[in-house]
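Next up, work_12.tsv (TSV, C-alpha atoms and all ligand atoms):
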```tsv
chain	number	residue	atom	x	y	z
A	1	MET	CA	125.47	69.96	133.93
A	2	GLN	CA	124.24	68.97	137.39
A	3	PRO	CA	124.01	65.25	138.17
A	4	ILE	CA	120.49	63.87	138.45
A	5	LYS	CA	119.53	62.62	141.90
A	6	PRO	CA	116.44	60.46	141.38
A	7	GLU	CA	113.48	61.85	143.29
A	8	LYS	CA	109.96	60.60	143.76
A	9	ILE	CA	107.71	63.11	142.03
A	10	THR	CA	103.92	63.17	142.33
A	11	VAL	CA	101.84	64.87	139.64
A	12	VAL	CA	98.28	65.71	140.70
A	13	GLY	CA	96.00	66.05	137.67
A	14	ALA	CA	96.80	64.09	134.49
A	15	GLY	CA	95.28	66.33	131.82
A	16	LEU	CA	96.93	68.45	129.13
A	17	MET	CA	99.64	69.78	131.45
A	18	GLY	CA	99.94	66.92	133.95
A	19	HIS	CA	100.93	64.20	131.46
A	20	GLY	CA	103.53	66.50	129.83
A	21	ILE	CA	105.02	67.39	133.21
A	22	ALA	CA	105.23	63.67	134.03
A	23	GLN	CA	107.16	63.15	130.76
A	24	VAL	CA	109.68	65.86	131.70
A	25	PHE	CA	110.47	64.17	135.00
A	26	VAL	CA	110.66	60.55	133.81
A	27	ASP	CA	112.86	61.67	130.92
A	28	ALA	CA	115.23	63.01	133.60
A	29	GLY	CA	115.25	59.65	135.41
A	30	HIS	CA	112.80	60.36	138.23
A	31	ALA	CA	109.99	58.04	139.32
A	32	VAL	CA	106.59	59.71	138.86
A	33	SER	CA	103.26	58.83	140.48
A	34	ILE	CA	100.36	60.50	138.75
A	35	TYR	CA	96.87	60.92	140.18
A	36	ASP	CA	93.63	62.00	138.52
A	37	PRO	CA	90.06	61.47	139.77
A	38	ASP	CA	89.00	60.65	136.20
A	39	PRO	CA	90.09	57.04	135.47
A	40	ALA	CA	89.79	57.56	131.70
A	41	VAL	CA	92.22	60.51	131.79
A	42	LEU	CA	94.60	58.51	133.96
A	43	ALA	CA	94.53	55.49	131.66
A	44	ARG	CA	95.55	57.62	128.67
A	45	VAL	CA	98.75	58.88	130.31
A	46	PRO	CA	101.19	56.15	129.15
A	47	ASP	CA	100.09	56.48	125.50
A	48	ARG	CA	100.22	60.28	125.62
A	49	VAL	CA	103.70	60.21	127.15
A	50	ARG	CA	104.85	57.62	124.59
A	51	ASP	CA	103.64	60.03	121.87
A	52	ILE	CA	105.86	62.77	123.29
A	53	PHE	CA	108.91	60.47	123.19
A	54	ARG	CA	108.02	59.64	119.57
A	55	LEU	CA	107.90	63.35	118.67
A	56	LEU	CA	111.28	63.74	120.39
A	57	GLU	CA	112.58	60.76	118.35
A	58	ALA	CA	113.62	59.22	121.69
A	59	ASP	CA	113.39	55.80	123.35
A	60	PRO	CA	110.07	55.62	125.26
A	61	ALA	CA	111.48	53.25	127.93
A	62	PRO	CA	111.17	55.91	130.72
A	63	VAL	CA	107.35	55.57	130.46
A	64	ALA	CA	107.88	52.55	132.76
A	65	LEU	CA	108.85	55.01	135.53
A	66	ILE	CA	105.26	56.31	135.65
A	67	SER	CA	102.78	54.76	138.06
A	68	LEU	CA	99.09	55.56	137.69
A	69	GLN	CA	97.23	56.13	140.95
A	70	GLU	CA	93.50	56.39	141.51
A	71	ARG	CA	93.88	57.50	145.14
A	72	LEU	CA	95.74	60.67	146.11
A	73	GLU	CA	97.12	59.02	149.28
A	74	ASP	CA	98.76	56.28	147.21
A	75	ALA	CA	100.17	58.76	144.71
A	76	LEU	CA	101.84	60.70	147.54
A	77	ASP	CA	103.49	57.69	149.11
A	78	GLY	CA	107.23	58.46	149.42
A	79	ALA	CA	107.01	61.70	147.37
A	80	ASN	CA	109.50	64.51	147.92
A	81	PHE	CA	108.17	66.90	145.27
A	82	VAL	CA	104.51	67.37	144.31
A	83	ILE	CA	103.28	69.33	141.32
A	84	GLU	CA	99.58	70.10	141.05
A	85	ALA	CA	98.02	70.45	137.58
A	86	GLY	CA	94.32	70.25	138.46
A	87	PRO	CA	91.56	72.58	137.24
A	88	GLU	CA	92.20	76.35	137.26
A	89	ARG	CA	89.58	77.06	139.92
A	90	VAL	CA	90.71	78.49	143.21
A	91	TYR	CA	88.27	76.56	145.40
A	92	VAL	CA	89.37	73.24	143.83
A	93	LYS	CA	93.05	74.10	144.26
A	94	ARG	CA	92.48	75.13	147.90
A	95	GLU	CA	90.99	71.71	148.66
A	96	ILE	CA	93.78	69.92	146.81
A	97	PHE	CA	96.47	71.83	148.74
A	98	ALA	CA	94.71	71.24	152.07
A	99	ALA	CA	94.84	67.49	151.30
A	100	LEU	CA	98.46	67.62	150.07
A	101	ASP	CA	99.45	69.50	153.22
A	102	ALA	CA	97.76	66.93	155.46
A	103	LEU	CA	99.15	63.91	153.61
A	104	THR	CA	102.83	64.89	153.24
A	105	GLY	CA	105.74	65.66	155.57
A	106	PRO	CA	106.89	69.27	156.13
A	107	ASP	CA	109.90	68.99	153.78
A	108	VAL	CA	107.91	67.94	150.75
A	109	VAL	CA	107.66	70.76	148.17
A	110	LEU	CA	104.05	71.44	147.09
A	111	ALA	CA	104.01	73.29	143.78
A	112	SER	CA	101.04	74.53	141.76
A	113	ASN	CA	101.09	74.86	137.99
A	114	THR	CA	98.43	77.58	138.12
A	115	SER	CA	98.63	80.05	135.23
A	116	ALA	CA	97.33	83.04	137.13
A	117	ILE	CA	95.93	82.37	140.62
A	118	PRO	CA	98.10	83.91	143.37
A	119	ILE	CA	99.87	81.16	145.37
A	120	ARG	CA	98.77	82.76	148.65
A	121	ASP	CA	95.09	82.21	147.67
A	122	ILE	CA	95.74	78.55	146.85
A	123	ALA	CA	97.45	77.94	150.21
A	124	THR	CA	94.74	79.38	152.50
A	125	LYS	CA	93.52	76.01	153.81
A	126	ALA	CA	96.99	74.53	154.40
A	127	SER	CA	98.77	74.89	157.74
A	128	ASN	CA	102.41	74.51	156.63
A	129	ARG	CA	102.55	77.07	153.83
A	130	SER	CA	106.30	77.61	153.73
A	131	ARG	CA	106.74	74.76	151.19
A	132	ILE	CA	103.89	75.90	148.91
A	133	LEU	CA	104.99	77.71	145.76
A	134	GLY	CA	104.19	78.08	142.07
A	135	ALA	CA	105.91	76.10	139.31
A	136	HIS	CA	104.31	77.51	136.19
A	137	PHE	CA	105.14	75.33	133.20
A	138	TRP	CA	104.04	76.57	129.76
A	139	ASN	CA	102.00	74.56	127.30
A	140	PRO	CA	103.22	72.13	126.07
A	141	PRO	CA	105.44	71.60	129.13
A	142	HIS	CA	107.53	68.92	127.42
A	143	PHE	CA	108.55	71.32	124.62
A	144	VAL	CA	108.65	74.80	126.23
A	145	PRO	CA	111.66	75.04	128.56
A	146	LEU	CA	110.60	77.94	130.82
A	147	VAL	CA	109.16	77.32	134.29
A	148	GLU	CA	108.30	80.32	136.47
A	149	VAL	CA	108.95	79.40	140.12
A	150	ILE	CA	106.79	81.70	142.21
A	151	GLN	CA	107.63	82.60	145.78
A	152	SER	CA	104.72	83.92	147.86
A	153	ASP	CA	105.32	85.99	150.98
A	154	GLN	CA	104.81	82.74	152.94
A	155	THR	CA	107.22	80.54	150.92
A	156	ASP	CA	110.59	79.67	152.43
A	157	ILE	CA	113.37	80.48	149.93
A	158	LYS	CA	115.01	77.08	150.56
A	159	PHE	CA	112.07	75.37	148.82
A	160	VAL	CA	112.32	77.80	145.91
A	161	ARG	CA	116.00	76.90	145.54
A	162	ARG	CA	115.28	73.16	145.70
A	163	THR	CA	112.61	73.51	143.02
A	164	ILE	CA	114.88	75.53	140.76
A	165	ASP	CA	117.69	72.95	141.13
A	166	LEU	CA	115.35	70.03	140.43
A	167	LEU	CA	113.90	71.69	137.31
A	168	ALA	CA	117.30	72.80	135.97
A	169	ALA	CA	118.69	69.29	136.40
A	170	ALA	CA	115.68	67.97	134.47
A	171	GLY	CA	116.60	70.18	131.51
A	172	MET	CA	114.02	72.90	132.15
A	173	SER	CA	114.81	76.62	132.34
A	174	PRO	CA	113.47	77.78	135.73
A	175	VAL	CA	113.28	81.45	136.75
A	176	HIS	CA	112.59	82.87	140.20
A	177	VAL	CA	109.47	85.09	140.39
A	178	LYS	CA	110.03	87.02	143.62
A	179	ARG	CA	106.52	88.38	144.06
A	180	ASP	CA	103.23	86.53	143.94
A	181	ILE	CA	101.44	88.78	141.44
A	182	PRO	CA	98.61	87.81	139.04
A	183	GLY	CA	99.94	86.40	135.77
A	184	PHE	CA	103.49	86.25	137.21
A	185	ILE	CA	105.92	87.51	134.51
A	186	GLY	CA	105.22	85.68	131.27
A	187	ASN	CA	101.46	86.06	131.13
A	188	ARG	CA	101.66	89.75	132.02
A	189	LEU	CA	103.98	90.32	129.06
A	190	GLN	CA	101.93	88.12	126.75
A	191	HIS	CA	98.66	89.86	127.60
A	192	ALA	CA	100.17	93.36	127.41
A	193	LEU	CA	101.01	92.48	123.79
A	194	LYS	CA	97.55	91.00	123.15
A	195	ARG	CA	95.86	94.11	124.57
A	196	GLU	CA	97.62	96.35	122.05
A	197	ALA	CA	97.12	93.80	119.23
A	198	ILE	CA	93.35	93.72	119.77
A	199	ALA	CA	93.17	97.50	120.03
A	200	LEU	CA	95.05	97.95	116.72
A	201	VAL	CA	92.64	95.58	114.92
A	202	ALA	CA	89.61	97.25	116.57
A	203	ALA	CA	90.87	100.67	115.44
A	204	GLY	CA	91.12	99.45	111.83
A	205	VAL	CA	94.90	99.88	111.63
A	206	CYS	CA	95.24	96.37	110.15
A	207	ASP	CA	93.45	93.04	110.02
A	208	ALA	CA	94.24	90.17	112.38
A	209	GLU	CA	96.34	88.28	109.83
A	210	THR	CA	98.53	91.33	109.20
A	211	LEU	CA	98.92	91.88	112.93
A	212	ASP	CA	100.18	88.32	113.39
A	213	ARG	CA	102.63	88.69	110.48
A	214	VAL	CA	104.04	91.88	111.97
A	215	VAL	CA	104.83	89.93	115.13
A	216	THR	CA	106.06	86.61	113.69
A	217	GLU	CA	108.02	88.10	110.78
A	218	GLY	CA	109.10	91.27	112.57
A	219	PHE	CA	110.28	91.62	116.13
A	220	GLY	CA	108.98	88.11	116.97
A	221	SER	CA	111.58	86.56	114.67
A	222	ARG	CA	114.30	87.73	117.03
A	223	LEU	CA	112.48	87.21	120.36
A	224	GLY	CA	113.62	83.58	120.65
A	225	VAL	CA	117.24	84.70	120.89
A	226	LEU	CA	117.04	88.31	122.12
A	227	GLY	CA	114.87	89.46	125.03
A	228	PRO	CA	113.34	92.98	124.97
A	229	LEU	CA	115.63	94.42	127.64
A	230	GLU	CA	118.73	92.84	126.10
A	231	GLN	CA	117.60	94.37	122.79
A	232	SER	CA	117.19	97.79	124.45
A	233	ASP	CA	120.70	97.52	125.87
A	234	MET	CA	122.00	96.49	122.47
A	235	ILE	CA	120.56	99.47	120.60
A	236	GLY	CA	121.15	101.87	123.53
A	237	LEU	CA	118.57	102.99	126.11
A	238	GLY	CA	118.42	106.50	124.59
A	239	LEU	CA	116.62	105.07	121.57
A	240	THR	CA	114.10	103.26	123.79
A	241	LEU	CA	113.52	106.46	125.75
A	242	ASP	CA	112.95	108.45	122.53
A	243	ALA	CA	110.44	105.84	121.34
A	244	HIS	CA	108.64	105.84	124.68
A	245	ARG	CA	108.35	109.64	124.71
A	246	VAL	CA	106.43	109.44	121.45
A	247	LEU	CA	104.56	106.16	121.91
A	248	ILE	CA	103.64	105.38	125.48
A	249	ALA	CA	100.86	107.94	125.81
A	250	ASP	CA	99.32	106.59	122.62
A	251	LEU	CA	99.21	102.89	123.58
A	252	ASP	CA	95.88	101.28	124.45
A	253	ARG	CA	94.68	101.87	127.99
A	254	THR	CA	91.21	100.29	127.92
A	255	PRO	CA	90.57	99.64	131.62
A	256	GLY	CA	89.38	96.02	131.22
A	257	PRO	CA	88.97	93.43	128.45
A	258	HIS	CA	88.69	95.21	125.10
A	259	PRO	CA	85.05	95.60	123.83
A	260	LEU	CA	86.03	93.83	120.57
A	261	LEU	CA	87.05	90.74	122.53
A	262	GLU	CA	83.85	90.84	124.61
A	263	LYS	CA	81.77	91.24	121.44
A	264	LYS	CA	83.39	88.27	119.71
A	265	VAL	CA	83.01	85.95	122.69
A	266	ASN	CA	79.38	87.02	123.22
A	267	ALA	CA	78.70	86.30	119.52
A	268	GLY	CA	80.19	82.78	119.88
A	269	GLU	CA	83.19	83.71	117.69
A	270	THR	CA	85.64	81.98	120.02
A	271	GLY	CA	88.34	80.86	117.59
A	272	MET	CA	89.52	77.85	115.58
A	273	ALA	CA	87.23	75.38	117.36
A	274	VAL	CA	84.18	77.12	115.82
A	275	GLY	CA	85.84	78.37	112.62
A	276	GLN	CA	85.70	82.07	113.52
A	277	GLY	CA	87.70	84.15	115.97
A	278	PHE	CA	89.73	87.21	115.05
A	279	ARG	CA	90.09	85.37	111.72
A	280	GLN	CA	88.03	82.81	109.83
A	281	TRP	CA	89.38	79.24	109.91
A	282	THR	CA	88.63	76.13	107.90
A	283	GLN	CA	89.41	72.83	109.64
A	284	GLU	CA	92.37	72.32	107.27
A	285	GLN	CA	93.79	75.76	108.08
A	286	SER	CA	93.46	75.16	111.82
A	287	ALA	CA	95.14	71.76	111.50
A	288	ALA	CA	97.98	73.32	109.49
A	289	VAL	CA	98.59	75.97	112.16
A	290	ARG	CA	98.65	73.32	114.93
A	291	ARG	CA	101.04	71.16	112.88
A	292	ARG	CA	103.37	74.09	112.19
A	293	PHE	CA	103.38	75.02	115.87
A	294	GLN	CA	104.05	71.48	117.10
A	295	GLU	CA	106.77	70.78	114.51
A	296	HIS	CA	108.59	73.99	115.38
A	297	LEU	CA	108.50	73.31	119.13
A	298	ALA	CA	109.42	69.61	118.72
A	299	THR	CA	112.42	70.47	116.52
A	300	GLU	CA	113.75	72.93	119.11
A	301	ALA	CA	113.08	70.48	121.97
A	302	ARG	CA	114.95	67.70	120.11
A	303	LYS	CA	117.97	69.98	119.72
A	304	ARG	CA	117.97	70.94	123.42
A	305	ARG	CA	117.52	67.32	124.50
A	306	GLY	CA	120.39	66.18	122.25
A	307	ALA	CA	122.70	68.88	123.65
A	308	ARG	CA	121.70	67.95	127.21
A	309	LEU	CA	122.38	64.25	126.72
A	310	ALA	CA	125.73	65.01	125.05
A	311	ALA	CA	126.73	67.26	127.99
A	312	ARG	CA	125.67	64.60	130.49
A	313	ALA	CA	127.65	61.91	128.61
A	314	LYS	CA	130.77	64.12	128.80
A	315	GLY	CA	130.21	64.39	132.57
A	401	LIG	N1	96.50	74.46	129.32
A	401	LIG	C1	97.45	75.39	129.36
A	401	LIG	O1	97.80	76.00	128.35
A	401	LIG	C2	98.12	75.70	130.66
A	401	LIG	C3	99.37	76.34	130.66
A	401	LIG	C4	100.01	76.59	131.88
A	401	LIG	C5	99.38	76.23	133.06
A	401	LIG	N2	98.15	75.64	133.03
A	401	LIG	C6	97.53	75.29	134.30
A	401	LIG	O2	97.69	73.91	134.53
A	401	LIG	C7	96.57	73.42	135.27
A	401	LIG	C8	95.95	72.25	134.51
A	401	LIG	O3	95.52	72.70	133.26
A	401	LIG	P1	95.22	71.66	132.06
A	401	LIG	O4	95.17	72.47	130.83
A	401	LIG	O5	96.14	70.49	132.15
A	401	LIG	O6	93.74	71.20	132.45
A	401	LIG	P2	93.01	69.82	132.10
A	401	LIG	O7	91.56	70.10	132.23
A	401	LIG	O8	93.52	69.23	130.84
A	401	LIG	O9	93.47	68.87	133.31
A	401	LIG	C9	93.03	69.04	134.62
A	401	LIG	C10	92.87	67.65	135.23
A	401	LIG	O10	92.58	67.80	136.61
A	401	LIG	C11	91.73	66.73	136.96
A	401	LIG	N3	91.08	67.03	138.23
A	401	LIG	C12	89.81	67.48	138.46
A	401	LIG	N4	89.61	67.60	139.79
A	401	LIG	C13	90.77	67.24	140.40
A	401	LIG	C14	91.18	67.13	141.76
A	401	LIG	N5	90.37	67.44	142.75
A	401	LIG	N6	92.44	66.68	142.01
A	401	LIG	C15	93.30	66.36	141.00
A	401	LIG	N7	92.95	66.45	139.70
A	401	LIG	C16	91.71	66.89	139.41
A	401	LIG	C17	90.78	66.57	135.78
A	401	LIG	O11	90.19	65.27	135.76
A	401	LIG	C18	91.72	66.83	134.62
A	401	LIG	O12	92.23	65.63	134.06
A	401	LIG	C19	95.63	74.59	135.47
A	401	LIG	O13	95.89	75.19	136.71
A	401	LIG	C20	96.03	75.52	134.33
A	401	LIG	O14	95.74	76.88	134.56
A	401	LIG	C21	97.51	75.34	131.86
```

Could you take the file, read its structure, and then write that structure out as structure tokens?
Ligand SMILES: NC(=O)c1ccc[n+]([C@@H]2O[C@H](COP(=O)([O-])OP(=O)(O)OC[C@H]3O[C@@H](n4cnc5c(N)ncnc54)[C@H](O)[C@@H]3O)[C@@H](O)[C@H]2O)c1
Amino acid sequence: MQPIKPEKITVVGAGLMGHGIAQVFVDAGHAVSIYDPDPAVLARVPDRVRDIFRLLEADPAPVALISLQERLEDALDGANFVIEAGPERVYVKREIFAALDALTGPDVVLASNTSAIPIRDIATKASNRSRILGAHFWNPPHFVPLVEVIQSDQTDIKFVRRTIDLLAAAGMSPVHVKRDIPGFIGNRLQHALKREAIALVAAGVCDAETLDRVVTEGFGSRLGVLGPLEQSDMIGLGLTLDAHRVLIADLDRTPGPHPLLEKKVNAGETGMAVGQGFRQWTQEQSAAVRRRFQEHLATEARKRRGARLAARAKG
């Protein structure tokens, strides 16, 4: 376990992702300044972070390490690592990074939590781009350990290494994404699976509920402990090759979003929020799914946090 060197972290954008990212860093002992142009969003941060500590069954005292800032300049004062979690619109992010670049020294890491926008596109209005990189946390960032650290062709590797060290010391599980490609690694894999899932339902092979059961009760039940390539190595690559010879040519290759997805969105069938997506949902059913999801993630996060604190106590 690496020792924690307290840093001054600035989080830009205090919404769904920003407040969770702030919790990760204060829980690791860092001071966090958080900025959001919406004062109401900013004001909710301490309560939202306290809620996370409650779900983790942990002392909420680190909330005191968060300072709320209504001006970006003030939030950046003394910062050595900045993570941006503003809206997922490239023109907004470009302006934010131009301001961050102008307001911070050349050794300050400027990271974007974008889910899919290439880092190079976000950095176009900044002059010192070598410290701009991606730090893609997953939702909810306080419960999902992975962070994809994305290096663009303009990022200096030393800033990638610093980011990885900082995140690992804060109990996250950072990985180095060596090319700045859309969707990075995780979202490419996730959407490759969704593409085939939608195509199977559209072809009448099964309904959406069955599809989800095949994943969660089938190969998904082992995915948390066994990655797909590890699994291929375990069973032997010959078996994977045999399967691919039969299957690959038959997998969906629709050259864009699947027509079934387009049709549903155009019909307003956008999911749980409206009661109809791939499946029909009552409010109670939707609430039960959200509860199941949060309880599962919180239980796992509590275990990891307990193990981390025990390792740190041992030195
Ligand atoms: N929600 C997810 O599941 C998820 C997962 C991974 C990554 N992300 C990425 O994280 C980022 C934030 O997403 P979110 O879900 O937290 O969105 P959100 O809408 O909850 O929060 C965005 C916040 O940015 C603020 N904002 C608006 N203009 C701003 C500006 N100029 N400077 C600073 N802040 C500004 C808004 O007031 C809002 O509070 C996006 O880039 C998104 O793609 C989201």

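The space between CA of Thr216 in chain A and CA of Gly18 in chain A spans 28.9 Å.
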
Sorted by chain and rising residue number, list the residues of chain A at most 7 Å from ligand LIG 401 (chain A) (counting only C-alpha atoms and all ligand atoms), each with its closest atom pair and distance in Å to one decimal, as JSON lines.
```
{"residue": "A:Val12", "atom": "CA", "partner": "A:LIG401", "partner_atom": "C15", "distance": 5.0}
{"residue": "A:Gly13", "atom": "CA", "partner": "A:LIG401", "partner_atom": "N7", "distance": 3.7}
{"residue": "A:Ala14", "atom": "CA", "partner": "A:LIG401", "partner_atom": "O12", "distance": 4.8}
{"residue": "A:Gly15", "atom": "CA", "partner": "A:LIG401", "partner_atom": "O9", "distance": 3.5}
{"residue": "A:Leu16", "atom": "CA", "partner": "A:LIG401", "partner_atom": "O5", "distance": 3.7}
{"residue": "A:Met17", "atom": "CA", "partner": "A:LIG401", "partner_atom": "O5", "distance": 3.6}
{"residue": "A:Gly18", "atom": "CA", "partner": "A:LIG401", "partner_atom": "O5", "distance": 5.5}
{"residue": "A:Tyr35", "atom": "CA", "partner": "A:LIG401", "partner_atom": "C15", "distance": 6.6}
{"residue": "A:Asp36", "atom": "CA", "partner": "A:LIG401", "partner_atom": "N7", "distance": 4.7}
{"residue": "A:Pro37", "atom": "CA", "partner": "A:LIG401", "partner_atom": "O11", "distance": 5.5}
{"residue": "A:Asp38", "atom": "CA", "partner": "A:LIG401", "partner_atom": "O11", "distance": 4.8}
{"residue": "A:Val41", "atom": "CA", "partner": "A:LIG401", "partner_atom": "O12", "distance": 5.6}
{"residue": "A:Ala85", "atom": "CA", "partner": "A:LIG401", "partner_atom": "C7", "distance": 4.0}
{"residue": "A:Gly86", "atom": "CA", "partner": "A:LIG401", "partner_atom": "O10", "distance": 3.5}
{"residue": "A:Pro87", "atom": "CA", "partner": "A:LIG401", "partner_atom": "C9", "distance": 4.6}
{"residue": "A:Glu88", "atom": "CA", "partner": "A:LIG401", "partner_atom": "O13", "distance": 3.9}
{"residue": "A:Val92", "atom": "CA", "partner": "A:LIG401", "partner_atom": "N5", "distance": 6.0}
{"residue": "A:Ile96", "atom": "CA", "partner": "A:LIG401", "partner_atom": "N5", "distance": 5.9}
{"residue": "A:Asn113", "atom": "CA", "partner": "A:LIG401", "partner_atom": "O2", "distance": 4.9}
{"residue": "A:Thr114", "atom": "CA", "partner": "A:LIG401", "partner_atom": "O13", "distance": 3.8}
{"residue": "A:Ser115", "atom": "CA", "partner": "A:LIG401", "partner_atom": "O14", "distance": 4.3}
{"residue": "A:Ala116", "atom": "CA", "partner": "A:LIG401", "partner_atom": "O14", "distance": 6.9}
{"residue": "A:His136", "atom": "CA", "partner": "A:LIG401", "partner_atom": "C5", "distance": 6.0}
{"residue": "A:Phe137", "atom": "CA", "partner": "A:LIG401", "partner_atom": "C4", "distance": 5.4}
{"residue": "A:Trp138", "atom": "CA", "partner": "A:LIG401", "partner_atom": "C4", "distance": 4.6}
{"residue": "A:Asn139", "atom": "CA", "partner": "A:LIG401", "partner_atom": "O1", "distance": 4.6}
```

What separation in Å, quoted to one decimal, exists between CA of Ala197 in chain A and CA of Leu247 in chain A?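 Pair CA of Ala197 in chain A / CA of Leu247 in chain A returns 14.7 Å.
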
Pick out the closest residue to Arg253 in chain A from this set: A:Val24, A:Asp107, A:Pro6, A:Glu196. Count only C-alpha atoms.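 Smallest distance to Arg253 in chain A is found for A:Glu196.
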
Which of A:Ile52, A:Glu84, A:Gly275, A:Ala199 sits closest to Gly256 in chain A [using all atoms listed in the file]: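 With all atoms listed in the file as the atom set, the closest residue is A:Ala199.
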
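Candidate residues A:Leu68, A:Val147, A:Ile198, A:Ala123 were compared for distance to Pro174 in chain A, and the nearest is A:Val147, using only C-alpha atoms.
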
Range 213-215 of chain A surroundings by only C-alpha atoms, 12 Å radius, close-in-sequence under 5 positions cut, as a VMD selection string: chain A and resid 193 to 194 196 to 197 200 206 to 208 220 to 223
